[in-house]
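Q: So I've got this file, target31.cif, and it contains mmCIF, C-alpha atoms:
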```cif
data_entry
loop_
_atom_site.label_atom_id
_atom_site.label_comp_id
_atom_site.auth_asym_id
_atom_site.auth_seq_id
_atom_site.Cartn_x
_atom_site.Cartn_y
_atom_site.Cartn_z
CA MET C 1 21.37 -37.33 14.83
CA LYS C 2 18.64 -35.51 16.76
CA LYS C 3 21.07 -32.71 17.54
CA ALA C 4 21.92 -32.30 13.87
CA LEU C 5 18.23 -32.18 12.94
CA LEU C 6 17.58 -29.58 15.65
CA ILE C 7 20.47 -27.46 14.38
CA VAL C 8 19.25 -27.71 10.78
CA PHE C 9 15.70 -26.92 11.91
CA GLY C 10 16.99 -23.97 13.94
CA LEU C 11 18.91 -22.64 10.94
CA ILE C 12 15.84 -22.98 8.74
CA VAL C 13 13.76 -21.05 11.29
CA VAL C 14 16.41 -18.30 11.58
CA VAL C 15 16.73 -17.98 7.79
CA GLY C 16 12.92 -17.98 7.47
CA LEU C 17 12.56 -15.24 10.07
CA TRP C 18 15.30 -13.21 8.41
CA ALA C 19 13.67 -13.63 4.97
CA GLY C 20 10.25 -12.71 6.30
CA SER C 21 11.60 -9.67 8.09
CA GLY C 22 13.58 -8.52 5.05
CA TYR C 23 10.64 -9.09 2.73
CA ASN C 24 8.34 -7.12 5.03
CA ARG C 25 10.86 -4.27 5.12
CA LEU C 26 10.96 -4.20 1.31
CA VAL C 27 7.16 -4.22 1.11
CA ASN C 28 6.84 -1.45 3.70
CA THR C 29 9.37 0.80 2.00
CA SER C 30 7.91 0.18 -1.47
CA GLU C 31 4.41 1.01 -0.18
CA ALA C 32 5.72 4.21 1.37
CA LEU C 33 6.65 5.54 -2.10
CA PRO C 34 3.11 6.10 -3.41
CA LYS C 35 2.06 7.50 -0.05
CA ALA C 36 4.88 10.05 -0.09
CA TRP C 37 4.15 10.92 -3.72
CA SER C 38 0.47 11.49 -2.92
CA GLN C 39 1.52 14.05 -0.30
CA VAL C 40 3.58 15.86 -2.95
CA GLU C 41 0.55 15.81 -5.26
CA THR C 42 -1.69 17.16 -2.51
CA VAL C 43 0.42 20.23 -1.89
CA LEU C 44 1.01 20.76 -5.61
CA GLN C 45 -2.76 20.65 -6.11
CA ARG C 46 -3.12 23.27 -3.39
CA ARG C 47 -0.77 25.49 -5.37
CA TYR C 48 -2.78 24.99 -8.54
CA ASP C 49 -6.00 25.79 -6.71
CA LEU C 50 -4.53 29.13 -5.60
CA ILE C 51 -3.25 30.11 -9.05
CA PRO C 52 -6.55 31.35 -10.58
CA ASN C 53 -7.12 33.72 -7.66
CA LEU C 54 -3.57 35.04 -7.88
CA VAL C 55 -3.77 35.45 -11.65
CA ASN C 56 -7.09 37.30 -11.47
CA THR C 57 -5.76 39.64 -8.80
CA VAL C 58 -2.64 40.43 -10.82
CA LYS C 59 -4.70 40.81 -14.04
CA GLY C 60 -6.47 43.79 -12.58
CA TYR C 61 -3.19 45.63 -12.15
CA ALA C 62 -1.00 44.26 -14.91
CA LYS C 63 -3.19 44.15 -17.99
CA HIS C 64 -0.24 44.29 -20.39
CA GLU C 65 1.38 41.16 -18.86
CA LYS C 66 -1.15 39.01 -20.71
CA ASP C 67 1.40 36.53 -22.13
CA LEU C 68 2.81 35.61 -18.74
CA LEU C 69 -0.63 35.29 -17.20
CA THR C 70 -1.73 33.12 -20.14
CA GLU C 71 1.34 30.91 -19.64
CA VAL C 72 0.57 30.48 -15.93
CA THR C 73 -3.00 29.50 -16.78
CA ALA C 74 -1.81 27.04 -19.46
CA LEU C 75 0.66 25.42 -17.06
CA ARG C 76 -2.09 25.04 -14.49
CA SER C 77 -4.13 23.22 -17.13
CA GLN C 78 -1.16 20.95 -17.91
CA TRP C 79 -1.09 19.90 -14.26
CA GLY C 80 -4.76 18.94 -14.42
CA ALA C 81 -4.24 17.01 -17.65
CA ALA C 82 -1.09 15.18 -16.51
CA LYS C 83 -1.62 11.44 -16.55
CA ASN C 84 1.51 10.22 -14.79
CA GLN C 85 4.13 11.24 -12.30
CA SER C 86 6.68 12.53 -14.84
CA GLU C 87 4.10 14.74 -16.56
CA LYS C 88 3.10 16.16 -13.17
CA VAL C 89 6.74 16.82 -12.27
CA ALA C 90 7.25 18.62 -15.61
CA ALA C 91 4.11 20.72 -15.07
CA ALA C 92 5.16 21.56 -11.50
CA ASN C 93 8.65 22.62 -12.64
CA GLY C 94 7.19 24.79 -15.42
CA MET C 95 4.82 26.40 -12.95
CA GLU C 96 7.65 27.22 -10.55
CA SER C 97 9.50 29.01 -13.33
CA ALA C 98 6.40 30.94 -14.43
CA LEU C 99 5.55 31.91 -10.84
CA SER C 100 9.10 33.23 -10.38
CA ARG C 101 8.70 35.43 -13.45
CA LEU C 102 5.26 36.53 -12.21
CA MET C 103 6.79 37.65 -8.91
CA VAL C 104 9.35 39.73 -10.82
CA VAL C 105 6.47 41.40 -12.70
CA VAL C 106 4.66 42.06 -9.41
CA GLU C 107 7.67 44.07 -8.24
CA GLN C 108 6.78 46.62 -10.95
CA TYR C 109 3.39 47.34 -9.35
CA PRO C 110 3.71 48.82 -5.85
CA GLN C 111 -0.06 49.36 -5.55
CA LEU C 112 -0.58 45.65 -6.25
CA LYS C 113 1.82 44.68 -3.48
CA ALA C 114 -0.27 46.75 -1.08
CA ASN C 115 -3.57 45.14 -2.13
CA GLU C 116 -5.05 43.10 0.75
CA ASN C 117 -6.25 40.23 -1.47
CA PHE C 118 -2.85 40.01 -3.11
CA ILE C 119 -1.05 39.99 0.22
CA ARG C 120 -3.29 37.21 1.53
CA LEU C 121 -2.84 35.16 -1.66
CA MET C 122 0.93 35.63 -1.55
CA ASP C 123 1.01 34.46 2.06
CA GLU C 124 -1.00 31.38 1.09
CA LEU C 125 1.26 30.75 -1.87
CA ALA C 126 4.40 31.17 0.23
CA GLY C 127 3.05 28.70 2.78
CA THR C 128 2.15 26.30 -0.01
CA GLU C 129 5.61 26.57 -1.55
CA ASN C 130 7.12 25.73 1.84
CA ARG C 131 4.83 22.70 2.11
CA ILE C 132 5.82 21.61 -1.38
CA SER C 133 9.47 21.84 -0.44
CA VAL C 134 8.94 19.78 2.71
CA GLU C 135 6.88 17.10 0.94
CA ARG C 136 9.39 16.84 -1.91
CA MET C 137 12.14 16.36 0.64
CA ARG C 138 10.11 13.68 2.44
CA TYR C 139 9.35 11.97 -0.86
CA ASN C 140 13.02 11.94 -1.84
CA GLU C 141 13.92 10.59 1.62
CA THR C 142 11.35 7.81 1.11
CA VAL C 143 12.81 6.95 -2.30
CA ASN C 144 16.25 6.90 -0.70
CA ALA C 145 15.12 4.60 2.14
CA TYR C 146 13.53 2.25 -0.38
CA ASN C 147 16.67 2.21 -2.54
CA LEU C 148 18.83 1.51 0.49
CA ALA C 149 16.59 -1.42 1.40
CA VAL C 150 16.64 -2.79 -2.15
CA ARG C 151 20.38 -2.38 -2.62
CA GLY C 152 21.67 -3.13 0.89
CA PHE C 153 23.00 -6.52 1.87
CA PRO C 154 21.45 -8.94 2.69
CA THR C 155 17.99 -7.65 1.66
CA ASN C 156 19.29 -7.15 -1.89
CA ILE C 157 19.13 -10.93 -2.24
CA LEU C 158 15.45 -10.93 -1.34
CA ALA C 159 14.83 -7.88 -3.51
CA LYS C 160 16.19 -9.72 -6.55
CA MET C 161 14.24 -12.85 -5.70
CA PHE C 162 10.94 -10.98 -5.41
CA GLY C 163 11.45 -8.41 -8.18
CA PHE C 164 11.97 -5.25 -6.14
CA GLU C 165 13.97 -2.78 -8.22
CA LYS C 166 15.78 0.46 -7.43
CA SER C 167 13.66 3.57 -7.96
CA ASN C 168 14.98 6.50 -9.97
CA ASP C 169 11.90 8.63 -9.30
CA TYR C 170 13.57 11.32 -7.23
CA PHE C 171 11.89 14.70 -7.51
CA LYS C 172 14.52 16.92 -9.17
CA SER C 173 14.35 20.47 -10.34
CA GLU C 174 14.96 21.29 -13.98
CA GLU C 175 18.22 22.85 -15.14
CA ALA C 176 16.38 26.10 -15.90
CA ALA C 177 15.43 26.42 -12.22
CA LYS C 178 19.09 27.00 -11.34
CA GLN C 179 19.04 30.43 -13.00
CA ALA C 180 17.04 33.46 -11.95
CA PRO C 181 14.15 34.22 -14.30
CA LYS C 182 14.60 37.13 -16.69
CA VAL C 183 11.68 39.41 -17.39
CA GLN C 184 11.99 41.96 -20.15
CA PHE C 185 9.63 44.81 -20.89
#
```
For the structure just supplied, provide its representation as structure tokens.
A:
Amino acid sequence: MKKALLIVFGLIVVVGLWAGSGYNRLVNTSEALPKAWSQVETVLQRRYDLIPNLVNTVKGYAKHEKDLLTEVTALRSQWGAAKNQSEKVAAANGMESALSRLMVVVEQYPQLKANENFIRLMDELAGTENRISVERMRYNETVNAYNLAVRGFPTNILAKMFGFEKSNDYFKSEEAAKQAPKVQF
């Protein structure tokens, strides 16, 4: 009888340790999501902080490109006004498209490409774009790790018990980003 009680007690302890460990893993991976997203936001904000300087530098050379420069400024404002993650993703994707078109316009102005301020801004922007790419990748890896924890056996049992759900918040590019921007004069 004592042996049976010890075995039952041992099983309860093992199941309890497993449940606690699985629950902690789910909590850790779910908490990593907002942390990874905040890193994406940080580097996106860096991009938006650089935009006014870039736009003002280009304005001096490309006065007739007013519509594109206005669009870049408007998209920057959308980022600042975005209230949630999907609005920020949409603003970021729009900005990427506009910046691509802006770079095509810049190709038309050789004296602008030689301007020291422009070169420095472009280097900063290129570094920022690389950071954005890295942080998006890390964020998507974090979403993937969380989803694997939520959906994998046996933690999926705990996930259902405690209300952890699969995340579909991967950072994806828009369909328009798959095509090169077209600039017409």
Q: Please build the interface table for stretch 78-99 of chain C against stretch 115-131 of chain C with a cut-off of 12 Å, listing for each qualifying residue the nearest atom pair and the distance in Å to one decimal; count only C-alpha atoms, order rows by chain and increasing number, and write it as a tab-separated table.
A:
```
residue	atom	partner	partner_atom	distance
C:Ala92	CA	C:Glu129	CA	11.1
C:Met95	CA	C:Glu129	CA	11.4
C:Glu96	CA	C:Glu129	CA	9.3
C:Leu99	CA	C:Leu125	CA	10.0
```
Q: Skipping near chain neighbours, those fewer than 3 positions away, what residues fall within 8 Å of C:Lys166 using only C-alpha atoms, listed as a list in words?
A: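 Within the cut-off, the hits are Tyr146, Asn147, Val150 and Arg151 of chain C.
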Q: Could you list, as a PyMOL selection string, every residue matched by the PyMOL selection byres ((chain C and resi 168) around 12) in this structure?
A: chain C and resi 33+86+140+142-144+146-147+165-167+169-172
Q: Might you spell out which residues the PyMOL selection byres ((chain C and resi 156-159) around 12) would select in the displayed file, as an mmCIF file with C-alpha atoms, in the coordinates of the input?
A:
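And here is the file that came out, part_4.cif:
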```cif
data_model
loop_
_atom_site.group_PDB
_atom_site.id
_atom_site.type_symbol
_atom_site.label_atom_id
_atom_site.label_comp_id
_atom_site.auth_asym_id
_atom_site.auth_seq_id
_atom_site.Cartn_x
_atom_site.Cartn_y
_atom_site.Cartn_z
ATOM 1 C CA VAL C 15 16.730 -17.980 7.790
ATOM 2 C CA GLY C 16 12.920 -17.980 7.470
ATOM 3 C CA TRP C 18 15.300 -13.210 8.410
ATOM 4 C CA ALA C 19 13.670 -13.630 4.970
ATOM 5 C CA GLY C 20 10.250 -12.710 6.300
ATOM 6 C CA SER C 21 11.600 -9.670 8.090
ATOM 7 C CA GLY C 22 13.580 -8.520 5.050
ATOM 8 C CA TYR C 23 10.640 -9.090 2.730
ATOM 9 C CA ASN C 24 8.340 -7.120 5.030
ATOM 10 C CA ARG C 25 10.860 -4.270 5.120
ATOM 11 C CA LEU C 26 10.960 -4.200 1.310
ATOM 12 C CA VAL C 27 7.160 -4.220 1.110
ATOM 13 C CA THR C 29 9.370 0.800 2.000
ATOM 14 C CA SER C 30 7.910 0.180 -1.470
ATOM 15 C CA TYR C 146 13.530 2.250 -0.380
ATOM 16 C CA ASN C 147 16.670 2.210 -2.540
ATOM 17 C CA LEU C 148 18.830 1.510 0.490
ATOM 18 C CA ALA C 149 16.590 -1.420 1.400
ATOM 19 C CA VAL C 150 16.640 -2.790 -2.150
ATOM 20 C CA ARG C 151 20.380 -2.380 -2.620
ATOM 21 C CA GLY C 152 21.670 -3.130 0.890
ATOM 22 C CA PHE C 153 23.000 -6.520 1.870
ATOM 23 C CA PRO C 154 21.450 -8.940 2.690
ATOM 24 C CA THR C 155 17.990 -7.650 1.660
ATOM 25 C CA LYS C 160 16.190 -9.720 -6.550
ATOM 26 C CA MET C 161 14.240 -12.850 -5.700
ATOM 27 C CA PHE C 162 10.940 -10.980 -5.410
ATOM 28 C CA GLY C 163 11.450 -8.410 -8.180
ATOM 29 C CA PHE C 164 11.970 -5.250 -6.140
ATOM 30 C CA GLU C 165 13.970 -2.780 -8.220
ATOM 31 C CA LYS C 166 15.780 0.460 -7.430
#
```
Q: On this structure, which residues satisfy the PyMOL selection byres ((chain C and resi 44) around 12), written as a PyMOL selection string?
A: chain C and resi 37-43+45-51+76+79-80+88-93+95-96+125+127-136
Q: I'd like the interatomic distance between atom CA of C:Leu69 and atom CA of C:Leu102, to a tenth of an Å.
A: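 Straight-line distance from atom CA of C:Leu69 to atom CA of C:Leu102 works out to 7.8 Å.
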Q: What is the distance, in Å and to one decimal place, between atom CA of C:Tyr139 and atom CA of C:Ala32?
A: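 Calculated distance between atom CA of C:Tyr139 and atom CA of C:Ala32 is 8.9 Å.
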Q: Rounded to one decimal place, report the atom CA of C:Gly94-atom CA of C:Asp67 distance in Å.
A: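 Interatomic distance here is 14.7 Å.
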Q: Find the smallest box with edges along x, y and z containing every listed atom of stretch 69-85 of chain C, then add 6 Å on each side and report centre and edge lengths in Å to one decimal, as lines of an AutoDock Vina configuration file.
A:
```
center_x = -0.3
center_y = 22.8
center_z = -16.2
size_x = 20.9
size_y = 37.1
size_z = 19.8
```
